[in-house]
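Text of the file coords-v7.pdb, holding PDB, C-alpha atoms:
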```pdb
ATOM      1  CA  MET A  67     138.147 -85.272  56.387  1.00  0.00           C
ATOM      2  CA  ILE A  68     140.368 -85.361  53.307  1.00  0.00           C
ATOM      3  CA  PHE A  69     138.410 -85.271  50.050  1.00  0.00           C
ATOM      4  CA  ARG A  70     139.295 -87.323  46.990  1.00  0.00           C
ATOM      5  CA  LEU A  71     138.996 -85.453  43.700  1.00  0.00           C
ATOM      6  CA  ASP A  72     137.846 -86.943  40.400  1.00  0.00           C
ATOM      7  CA  GLU A  73     137.684 -85.556  36.872  1.00  0.00           C
ATOM      8  CA  ARG A  74     135.188 -82.830  37.794  1.00  0.00           C
ATOM      9  CA  LEU A  75     136.648 -79.342  38.222  1.00  0.00           C
ATOM     10  CA  VAL A  76     135.418 -78.793  41.767  1.00  0.00           C
ATOM     11  CA  PHE A  77     137.007 -78.410  45.203  1.00  0.00           C
ATOM     12  CA  PRO A  78     135.445 -78.775  48.650  1.00  0.00           C
ATOM     13  CA  SER A  79     135.201 -75.683  50.841  1.00  0.00           C
ATOM     14  CA  PRO A  80     138.673 -74.651  52.043  1.00  0.00           C
ATOM     15  CA  ALA A  81     137.185 -74.307  55.535  1.00  0.00           C
ATOM     16  CA  LEU A  82     137.067 -78.121  55.677  1.00  0.00           C
ATOM     17  CA  ALA A  83     140.852 -78.505  55.485  1.00  0.00           C
ATOM     18  CA  GLU A  84     142.719 -80.537  58.116  1.00  0.00           C
ATOM     19  CA  ASP A  85     144.703 -78.792  60.855  1.00  0.00           C
ATOM     20  CA  ASP A  86     147.820 -78.888  58.662  1.00  0.00           C
ATOM     21  CA  GLY A  87     145.897 -77.363  55.752  1.00  0.00           C
ATOM     22  CA  LEU A  88     145.501 -80.557  53.712  1.00  0.00           C
ATOM     23  CA  LEU A  89     142.148 -80.378  51.940  1.00  0.00           C
ATOM     24  CA  ALA A  90     142.041 -82.875  49.079  1.00  0.00           C
ATOM     25  CA  VAL A  91     143.949 -85.511  47.168  1.00  0.00           C
ATOM     26  CA  GLY A  92     143.927 -86.492  43.500  1.00  0.00           C
ATOM     27  CA  GLY A  93     142.699 -84.692  40.431  1.00  0.00           C
ATOM     28  CA  ASP A  94     145.205 -83.276  37.968  1.00  0.00           C
ATOM     29  CA  LEU A  95     147.332 -80.224  37.229  1.00  0.00           C
ATOM     30  CA  SER A  96     145.285 -78.947  34.313  1.00  0.00           C
ATOM     31  CA  THR A  97     145.222 -75.194  33.786  1.00  0.00           C
ATOM     32  CA  GLY A  98     141.533 -75.015  34.663  1.00  0.00           C
ATOM     33  CA  ARG A  99     141.971 -76.892  37.933  1.00  0.00           C
ATOM     34  CA  LEU A 100     145.024 -74.895  38.987  1.00  0.00           C
ATOM     35  CA  LEU A 101     143.309 -71.564  38.359  1.00  0.00           C
ATOM     36  CA  LEU A 102     140.195 -72.716  40.217  1.00  0.00           C
ATOM     37  CA  ALA A 103     142.406 -73.761  43.124  1.00  0.00           C
ATOM     38  CA  TYR A 104     144.243 -70.439  43.369  1.00  0.00           C
ATOM     39  CA  GLU A 105     140.992 -68.489  43.054  1.00  0.00           C
ATOM     40  CA  ASN A 106     139.819 -70.342  46.181  1.00  0.00           C
ATOM     41  CA  GLY A 107     143.000 -70.065  48.214  1.00  0.00           C
ATOM     42  CA  ILE A 108     144.160 -73.623  47.452  1.00  0.00           C
ATOM     43  CA  PHE A 109     147.509 -74.783  46.075  1.00  0.00           C
ATOM     44  CA  PRO A 110     149.168 -78.145  45.244  1.00  0.00           C
ATOM     45  CA  TRP A 111     152.111 -79.316  47.334  1.00  0.00           C
ATOM     46  CA  TYR A 112     153.378 -82.883  47.143  1.00  0.00           C
ATOM     47  CA  SER A 113     156.410 -85.058  46.431  1.00  0.00           C
ATOM     48  CA  ALA A 114     157.121 -87.126  43.333  1.00  0.00           C
ATOM     49  CA  ASP A 115     156.189 -90.382  45.076  1.00  0.00           C
ATOM     50  CA  GLU A 116     152.824 -89.055  46.316  1.00  0.00           C
ATOM     51  CA  PRO A 117     149.446 -88.389  44.690  1.00  0.00           C
ATOM     52  CA  ILE A 118     148.604 -84.705  44.122  1.00  0.00           C
ATOM     53  CA  LEU A 119     147.882 -83.074  47.490  1.00  0.00           C
ATOM     54  CA  TRP A 120     145.918 -79.824  47.742  1.00  0.00           C
ATOM     55  CA  TYR A 121     146.346 -77.439  50.676  1.00  0.00           C
ATOM     56  CA  SER A 122     144.506 -74.452  52.091  1.00  0.00           C
ATOM     57  CA  PRO A 123     146.197 -73.421  55.364  1.00  0.00           C
ATOM     58  CA  HIS A 124     144.025 -72.001  58.138  1.00  0.00           C
ATOM     59  CA  GLU A 125     146.502 -69.141  58.368  1.00  0.00           C
ATOM     60  CA  ARG A 126     148.297 -67.532  55.458  1.00  0.00           C
ATOM     61  CA  PHE A 127     151.691 -65.848  55.430  1.00  0.00           C
ATOM     62  CA  VAL A 128     151.442 -62.694  53.317  1.00  0.00           C
ATOM     63  CA  LEU A 129     153.350 -59.534  52.536  1.00  0.00           C
ATOM     64  CA  TYR A 130     151.678 -56.197  51.915  1.00  0.00           C
ATOM     65  CA  PRO A 131     153.997 -54.345  49.504  1.00  0.00           C
ATOM     66  CA  ASP A 132     153.577 -51.050  51.354  1.00  0.00           C
ATOM     67  CA  ARG A 133     154.721 -52.726  54.606  1.00  0.00           C
ATOM     68  CA  LEU A 134     157.946 -54.079  53.136  1.00  0.00           C
ATOM     69  CA  LYS A 135     160.929 -53.727  55.478  1.00  0.00           C
ATOM     70  CA  ILE A 136     164.285 -53.066  53.820  1.00  0.00           C
ATOM     71  CA  SER A 137     167.318 -53.233  56.074  1.00  0.00           C
ATOM     72  CA  LYS A 138     170.121 -50.688  55.899  1.00  0.00           C
ATOM     73  CA  SER A 139     172.489 -53.293  54.467  1.00  0.00           C
ATOM     74  CA  MET A 140     169.907 -54.293  51.847  1.00  0.00           C
ATOM     75  CA  ARG A 141     169.459 -50.664  50.823  1.00  0.00           C
ATOM     76  CA  GLN A 142     173.199 -50.503  50.217  1.00  0.00           C
ATOM     77  CA  VAL A 143     172.981 -53.593  48.006  1.00  0.00           C
ATOM     78  CA  LEU A 144     170.157 -52.046  45.988  1.00  0.00           C
ATOM     79  CA  ARG A 145     172.020 -48.754  45.555  1.00  0.00           C
ATOM     80  CA  SER A 146     175.184 -50.537  44.455  1.00  0.00           C
ATOM     81  CA  GLY A 147     173.692 -51.588  41.132  1.00  0.00           C
ATOM     82  CA  ARG A 148     175.187 -55.029  41.612  1.00  0.00           C
ATOM     83  CA  PHE A 149     172.117 -56.807  40.271  1.00  0.00           C
ATOM     84  CA  THR A 150     169.955 -56.435  37.170  1.00  0.00           C
ATOM     85  CA  ILE A 151     166.262 -57.385  37.435  1.00  0.00           C
ATOM     86  CA  THR A 152     164.005 -58.731  34.676  1.00  0.00           C
ATOM     87  CA  SER A 153     160.535 -60.247  34.613  1.00  0.00           C
ATOM     88  CA  ASP A 154     159.296 -63.172  32.525  1.00  0.00           C
ATOM     89  CA  LYS A 155     162.567 -63.313  30.608  1.00  0.00           C
ATOM     90  CA  CYS A 156     163.313 -66.980  31.363  1.00  0.00           C
ATOM     91  CA  PHE A 157     160.475 -68.562  33.314  1.00  0.00           C
ATOM     92  CA  ASN A 158     161.578 -72.125  32.580  1.00  0.00           C
ATOM     93  CA  GLU A 159     165.104 -71.479  33.827  1.00  0.00           C
ATOM     94  CA  VAL A 160     163.763 -69.971  37.058  1.00  0.00           C
ATOM     95  CA  ILE A 161     161.465 -72.890  37.856  1.00  0.00           C
ATOM     96  CA  GLU A 162     164.274 -75.307  37.014  1.00  0.00           C
ATOM     97  CA  ALA A 163     166.645 -73.478  39.364  1.00  0.00           C
ATOM     98  CA  CYS A 164     164.008 -73.498  42.123  1.00  0.00           C
ATOM     99  CA  SER A 165     163.668 -77.264  41.729  1.00  0.00           C
ATOM    100  CA  THR A 166     167.396 -78.010  41.898  1.00  0.00           C
ATOM    101  CA  ILE A 167     168.793 -75.512  44.419  1.00  0.00           C
ATOM    102  CA  ASP A 168     170.070 -77.075  47.644  1.00  0.00           C
ATOM    103  CA  ARG A 169     167.883 -76.209  50.632  1.00  0.00           C
ATOM    104  CA  PRO A 170     169.133 -76.934  54.170  1.00  0.00           C
ATOM    105  CA  GLY A 171     166.970 -79.505  55.939  1.00  0.00           C
ATOM    106  CA  GLN A 172     165.063 -80.431  52.790  1.00  0.00           C
ATOM    107  CA  ASP A 173     165.518 -83.767  51.049  1.00  0.00           C
ATOM    108  CA  GLY A 174     164.667 -83.469  47.372  1.00  0.00           C
ATOM    109  CA  THR A 175     162.106 -81.168  45.813  1.00  0.00           C
ATOM    110  CA  TRP A 176     158.335 -80.893  45.547  1.00  0.00           C
ATOM    111  CA  ILE A 177     158.665 -79.239  42.123  1.00  0.00           C
ATOM    112  CA  THR A 178     158.150 -82.391  40.067  1.00  0.00           C
ATOM    113  CA  THR A 179     158.393 -82.762  36.306  1.00  0.00           C
ATOM    114  CA  ASP A 180     154.597 -82.568  36.064  1.00  0.00           C
ATOM    115  CA  MET A 181     154.574 -79.416  38.205  1.00  0.00           C
ATOM    116  CA  LYS A 182     157.134 -77.740  35.949  1.00  0.00           C
ATOM    117  CA  ALA A 183     155.088 -78.562  32.857  1.00  0.00           C
ATOM    118  CA  ALA A 184     151.862 -77.332  34.471  1.00  0.00           C
ATOM    119  CA  TYR A 185     153.298 -73.978  35.562  1.00  0.00           C
ATOM    120  CA  ASN A 186     154.999 -73.474  32.232  1.00  0.00           C
ATOM    121  CA  ARG A 187     151.554 -73.834  30.639  1.00  0.00           C
ATOM    122  CA  LEU A 188     150.192 -71.251  33.067  1.00  0.00           C
ATOM    123  CA  HIS A 189     153.062 -68.955  32.129  1.00  0.00           C
ATOM    124  CA  GLN A 190     152.423 -69.347  28.408  1.00  0.00           C
ATOM    125  CA  LEU A 191     148.803 -68.332  29.015  1.00  0.00           C
ATOM    126  CA  GLY A 192     149.824 -65.277  31.051  1.00  0.00           C
ATOM    127  CA  HIS A 193     148.800 -66.559  34.487  1.00  0.00           C
ATOM    128  CA  ALA A 194     152.239 -67.347  35.945  1.00  0.00           C
ATOM    129  CA  HIS A 195     155.242 -65.042  36.090  1.00  0.00           C
ATOM    130  CA  SER A 196     158.884 -65.027  37.057  1.00  0.00           C
ATOM    131  CA  VAL A 197     161.294 -62.423  38.359  1.00  0.00           C
ATOM    132  CA  GLU A 198     164.946 -62.917  37.510  1.00  0.00           C
ATOM    133  CA  VAL A 199     168.053 -61.491  39.191  1.00  0.00           C
ATOM    134  CA  TRP A 200     171.236 -61.269  37.156  1.00  0.00           C
ATOM    135  CA  GLU A 201     174.851 -60.631  38.113  1.00  0.00           C
ATOM    136  CA  ASN A 202     177.370 -60.254  35.294  1.00  0.00           C
ATOM    137  CA  ASP A 203     174.832 -61.807  32.885  1.00  0.00           C
ATOM    138  CA  GLU A 204     174.433 -64.887  35.108  1.00  0.00           C
ATOM    139  CA  LEU A 205     171.054 -65.860  36.575  1.00  0.00           C
ATOM    140  CA  VAL A 206     171.723 -65.826  40.325  1.00  0.00           C
ATOM    141  CA  GLY A 207     168.266 -65.595  41.884  1.00  0.00           C
ATOM    142  CA  GLY A 208     164.559 -65.137  41.424  1.00  0.00           C
ATOM    143  CA  PHE A 209     161.161 -66.668  41.960  1.00  0.00           C
ATOM    144  CA  TYR A 210     157.937 -67.588  40.187  1.00  0.00           C
ATOM    145  CA  GLY A 211     154.263 -67.591  41.047  1.00  0.00           C
ATOM    146  CA  VAL A 212     150.685 -67.191  39.874  1.00  0.00           C
ATOM    147  CA  HIS A 213     148.645 -63.999  39.800  1.00  0.00           C
ATOM    148  CA  ILE A 214     144.969 -63.907  40.712  1.00  0.00           C
ATOM    149  CA  ASN A 215     143.386 -60.468  40.397  1.00  0.00           C
ATOM    150  CA  SER A 216     146.152 -58.266  41.885  1.00  0.00           C
ATOM    151  CA  VAL A 217     147.479 -60.902  44.295  1.00  0.00           C
ATOM    152  CA  PHE A 218     150.786 -62.600  43.488  1.00  0.00           C
ATOM    153  CA  CYS A 219     150.805 -66.164  44.824  1.00  0.00           C
ATOM    154  CA  GLY A 220     154.481 -66.954  45.261  1.00  0.00           C
ATOM    155  CA  GLU A 221     155.449 -70.570  44.645  1.00  0.00           C
ATOM    156  CA  SER A 222     159.196 -70.861  45.075  1.00  0.00           C
ATOM    157  CA  MET A 223     162.361 -68.786  45.062  1.00  0.00           C
ATOM    158  CA  PHE A 224     166.067 -69.459  44.752  1.00  0.00           C
ATOM    159  CA  SER A 225     169.281 -67.603  45.431  1.00  0.00           C
ATOM    160  CA  LYS A 226     172.766 -68.598  44.335  1.00  0.00           C
ATOM    161  CA  VAL A 227     174.417 -65.547  45.896  1.00  0.00           C
ATOM    162  CA  SER A 228     173.620 -63.520  48.989  1.00  0.00           C
ATOM    163  CA  ASN A 229     170.678 -61.084  48.723  1.00  0.00           C
ATOM    164  CA  ALA A 230     169.617 -62.152  45.220  1.00  0.00           C
ATOM    165  CA  SER A 231     166.137 -63.414  46.145  1.00  0.00           C
ATOM    166  CA  LYS A 232     165.632 -60.452  48.512  1.00  0.00           C
ATOM    167  CA  THR A 233     166.392 -58.116  45.614  1.00  0.00           C
ATOM    168  CA  ALA A 234     163.760 -59.858  43.503  1.00  0.00           C
ATOM    169  CA  LEU A 235     161.167 -59.497  46.259  1.00  0.00           C
ATOM    170  CA  VAL A 236     161.936 -55.805  46.747  1.00  0.00           C
ATOM    171  CA  TRP A 237     161.522 -55.264  43.015  1.00  0.00           C
ATOM    172  CA  LEU A 238     158.137 -57.005  43.011  1.00  0.00           C
ATOM    173  CA  CYS A 239     156.898 -54.993  46.003  1.00  0.00           C
ATOM    174  CA  GLN A 240     157.999 -51.728  44.410  1.00  0.00           C
ATOM    175  CA  SER A 241     156.685 -52.561  40.937  1.00  0.00           C
ATOM    176  CA  GLY A 242     153.127 -51.498  41.764  1.00  0.00           C
ATOM    177  CA  LEU A 243     151.779 -54.584  40.015  1.00  0.00           C
ATOM    178  CA  TYR A 244     150.247 -56.271  43.063  1.00  0.00           C
ATOM    179  CA  ASN A 245     148.346 -55.291  46.192  1.00  0.00           C
ATOM    180  CA  LEU A 246     149.287 -58.436  48.102  1.00  0.00           C
ATOM    181  CA  ILE A 247     151.977 -61.112  47.911  1.00  0.00           C
ATOM    182  CA  ASP A 248     150.968 -64.553  49.166  1.00  0.00           C
ATOM    183  CA  CYS A 249     154.024 -66.247  50.684  1.00  0.00           C
ATOM    184  CA  GLN A 250     151.935 -69.291  51.718  1.00  0.00           C
ATOM    185  CA  VAL A 251     153.988 -70.519  54.681  1.00  0.00           C
ATOM    186  CA  HIS A 252     156.162 -68.829  57.283  1.00  0.00           C
ATOM    187  CA  THR A 253     159.908 -68.384  56.850  1.00  0.00           C
ATOM    188  CA  ASP A 254     162.221 -66.249  58.984  1.00  0.00           C
ATOM    189  CA  HIS A 255     163.676 -64.811  55.771  1.00  0.00           C
ATOM    190  CA  LEU A 256     160.315 -63.369  54.692  1.00  0.00           C
ATOM    191  CA  ALA A 257     159.255 -62.391  58.212  1.00  0.00           C
ATOM    192  CA  SER A 258     162.343 -60.190  58.457  1.00  0.00           C
ATOM    193  CA  MET A 259     161.082 -58.323  55.393  1.00  0.00           C
ATOM    194  CA  GLY A 260     157.644 -57.647  56.852  1.00  0.00           C
ATOM    195  CA  ALA A 261     155.575 -60.698  55.961  1.00  0.00           C
ATOM    196  CA  GLU A 262     152.858 -61.522  58.490  1.00  0.00           C
ATOM    197  CA  MET A 263     150.295 -64.197  59.266  1.00  0.00           C
ATOM    198  CA  ILE A 264     146.598 -63.611  58.582  1.00  0.00           C
ATOM    199  CA  SER A 265     143.556 -65.891  58.789  1.00  0.00           C
ATOM    200  CA  ARG A 266     142.258 -67.780  55.774  1.00  0.00           C
ATOM    201  CA  GLU A 267     139.050 -65.748  55.949  1.00  0.00           C
ATOM    202  CA  GLU A 268     140.967 -62.483  55.781  1.00  0.00           C
ATOM    203  CA  TYR A 269     143.098 -63.826  52.955  1.00  0.00           C
ATOM    204  CA  MET A 270     140.059 -64.886  50.919  1.00  0.00           C
ATOM    205  CA  ALA A 271     138.446 -61.467  51.398  1.00  0.00           C
ATOM    206  CA  LEU A 272     141.640 -59.803  50.140  1.00  0.00           C
ATOM    207  CA  LEU A 273     141.948 -62.234  47.236  1.00  0.00           C
ATOM    208  CA  ARG A 274     138.457 -61.321  46.030  1.00  0.00           C
ATOM    209  CA  ASP A 275     138.737 -57.612  46.768  1.00  0.00           C
ATOM    210  CA  CYS A 276     142.132 -57.100  45.131  1.00  0.00           C
ATOM    211  CA  LYS A 277     140.862 -56.457  41.638  1.00  0.00           C
ATOM    212  CA  PRO A 278     143.319 -55.435  38.909  1.00  0.00           C
TER
END
```

Now that the file is in, can you turn its structure into structure tokens?
Amino acid sequence: MIFRLDERLVFPSPALAEDDGLLAVGGDLSTGRLLLAYENGIFPWYSADEPILWYSPHERFVLYPDRLKISKSMRQVLRSGRFTITSDKCFNEVIEACSTIDRPGQDGTWITTDMKAAYNRLHQLGHAHSVEVWENDELVGGFYGVHINSVFCGESMFSKVSNASKTALVWLCQSGLYNLIDCQVHTDHLASMGAEMISREEYMALLRDCKP
């Protein structure tokens, strides 16, 4: 059963989500609702021509920073000093790049104008962060996401040159800022770096236990 949200800041139990993870429809992207969603393992994911859809997958794709796998070729890239890494230097530019980068097999973007505004508000309040990768003073990669306790809930990443987004992820894992990185859904790119699938129940236990 898919639940329809109203103006109240409440969500149904994530355990009631459909097989594809869809839990609810409607509501808004207010700061309070977004934070409540992330605190309960729920995130919005929808297209511009759809109502707001809220998901809580039965399995979660996560990366434990201490299990990060760095290939030999990637280690050479890191040692080369080719890239410069910053954090929260240009959040708006990162989310804009994530929304416009070409992705094979994907038509358009789910990062709508309303989504950009909502996550920029979260960033201004200290709840959302970006990691930027620079080459010759040009922004060439990075990602953004939301932090809950010491879990970083990754939302989207982009890379204009080879290994840029991987460099950003390595930096985040080695920063010591987070005990868990929530990648949400499986990708071969992240699996090659050590990300793994866990149950929603295990994810929720980690989300609540990972205190700052």

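Compared by their closest atoms to A:Ser153, and using all atoms listed in the file, the residues A:Asp94, A:Asp168, A:Glu116, A:Glu198 rank with A:Glu198 nearest.
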
- Query: Do you know which residues are at most 6 Å from stretch 208-210 of chain A counting only C-alpha atoms, after dropping those on the same chain fewer than 4 positions away, and could you put them as a VMD selection string?
  - Reply: chain A and resid 195 to 199 221 to 224 231 234

Result set, the PyMOL selection byres ((chain A and resi 79) around 12) on current file, as a PDB file with C-alpha atoms, in the frame of the given file:
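File written: expr.pdb
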```pdb
ATOM      1  CA  MET A  67     138.147 -85.272  56.387  1.00  0.00           C
ATOM      2  CA  ILE A  68     140.368 -85.361  53.307  1.00  0.00           C
ATOM      3  CA  PHE A  69     138.410 -85.271  50.050  1.00  0.00           C
ATOM      4  CA  VAL A  76     135.418 -78.793  41.767  1.00  0.00           C
ATOM      5  CA  PHE A  77     137.007 -78.410  45.203  1.00  0.00           C
ATOM      6  CA  PRO A  78     135.445 -78.775  48.650  1.00  0.00           C
ATOM      7  CA  PRO A  80     138.673 -74.651  52.043  1.00  0.00           C
ATOM      8  CA  ALA A  81     137.185 -74.307  55.535  1.00  0.00           C
ATOM      9  CA  LEU A  82     137.067 -78.121  55.677  1.00  0.00           C
ATOM     10  CA  ALA A  83     140.852 -78.505  55.485  1.00  0.00           C
ATOM     11  CA  GLU A  84     142.719 -80.537  58.116  1.00  0.00           C
ATOM     12  CA  GLY A  87     145.897 -77.363  55.752  1.00  0.00           C
ATOM     13  CA  LEU A  88     145.501 -80.557  53.712  1.00  0.00           C
ATOM     14  CA  LEU A  89     142.148 -80.378  51.940  1.00  0.00           C
ATOM     15  CA  ALA A  90     142.041 -82.875  49.079  1.00  0.00           C
ATOM     16  CA  ALA A 103     142.406 -73.761  43.124  1.00  0.00           C
ATOM     17  CA  ASN A 106     139.819 -70.342  46.181  1.00  0.00           C
ATOM     18  CA  GLY A 107     143.000 -70.065  48.214  1.00  0.00           C
ATOM     19  CA  ILE A 108     144.160 -73.623  47.452  1.00  0.00           C
ATOM     20  CA  TRP A 120     145.918 -79.824  47.742  1.00  0.00           C
ATOM     21  CA  TYR A 121     146.346 -77.439  50.676  1.00  0.00           C
ATOM     22  CA  SER A 122     144.506 -74.452  52.091  1.00  0.00           C
ATOM     23  CA  ARG A 266     142.258 -67.780  55.774  1.00  0.00           C
ATOM     24  CA  GLU A 267     139.050 -65.748  55.949  1.00  0.00           C
ATOM     25  CA  MET A 270     140.059 -64.886  50.919  1.00  0.00           C
TER      26      MET A 270
END
```

Could you list, as a short mmCIF file (atom, residue, chain, number, x, y, z; two decimals) with C-alpha atoms, in the frame of the given file, every residue matched by the PyMOL selection byres ((chain A and resi 110) around 6) in this structure?
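Generated file (selection_33.cif):
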```
data_model
loop_
_atom_site.label_atom_id
_atom_site.label_comp_id
_atom_site.auth_asym_id
_atom_site.auth_seq_id
_atom_site.Cartn_x
_atom_site.Cartn_y
_atom_site.Cartn_z
CA PHE A 109 147.51 -74.78 46.08
CA TRP A 111 152.11 -79.32 47.33
CA LEU A 119 147.88 -83.07 47.49
CA TRP A 120 145.92 -79.82 47.74
#
```

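Applied to the shown file, the PyMOL selection byres ((chain A and resi 144) around 12) selects the residues Ile136, Ser137, Lys138, Ser139, Met140, Arg141, Gln142, Val143, Arg145, Ser146, Gly147, Arg148, Phe149, Thr150, Ile151, Val199, Asn229, Ala230, Lys232, Thr233, Ala234, Leu235, Val236 and Trp237 of chain A.
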
Quick one: which stretch 94-192 of chain A residues come within 12 Å of stretch 238-244 of chain A, and what is the nearest atom pair for each with the distance in Å to one decimal, counting all atoms listed in the file, rows ordered by chain and ascending number, as CSV?
```
residue,atom,partner,partner_atom,distance
A:Val128,CA,A:Cys239,CA,11.9
A:Leu129,CA,A:Cys239,CA,8.7
A:Tyr130,CA,A:Cys239,CA,8.0
A:Pro131,CA,A:Cys239,CA,4.6
A:Asp132,CA,A:Cys239,CA,7.4
A:Arg133,CA,A:Cys239,CA,9.2
A:Leu134,CA,A:Cys239,CA,7.3
A:Lys135,CA,A:Cys239,CA,10.4
A:Ile136,CA,A:Cys239,CA,10.9
A:Ile151,CA,A:Leu238,CA,9.9
A:Thr152,CA,A:Leu238,CA,10.3
A:Ser153,CA,A:Leu238,CA,9.3
```

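Atom CA of A:Ala114 to atom CA of A:His189 spans 21.7 Å [interatomic distance, one decimal].
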
- Item | Surrounding residues of A:Val251 excluding itself and chain neighbours under 3 positions, 10 Å, only C-alpha atoms, as a PyMOL selection string | chain A and resi 123+125-128+248+256+262-263

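For the pair atom CA of A:Gly98 and atom CA of A:His252, the separation is 27.6 Å.
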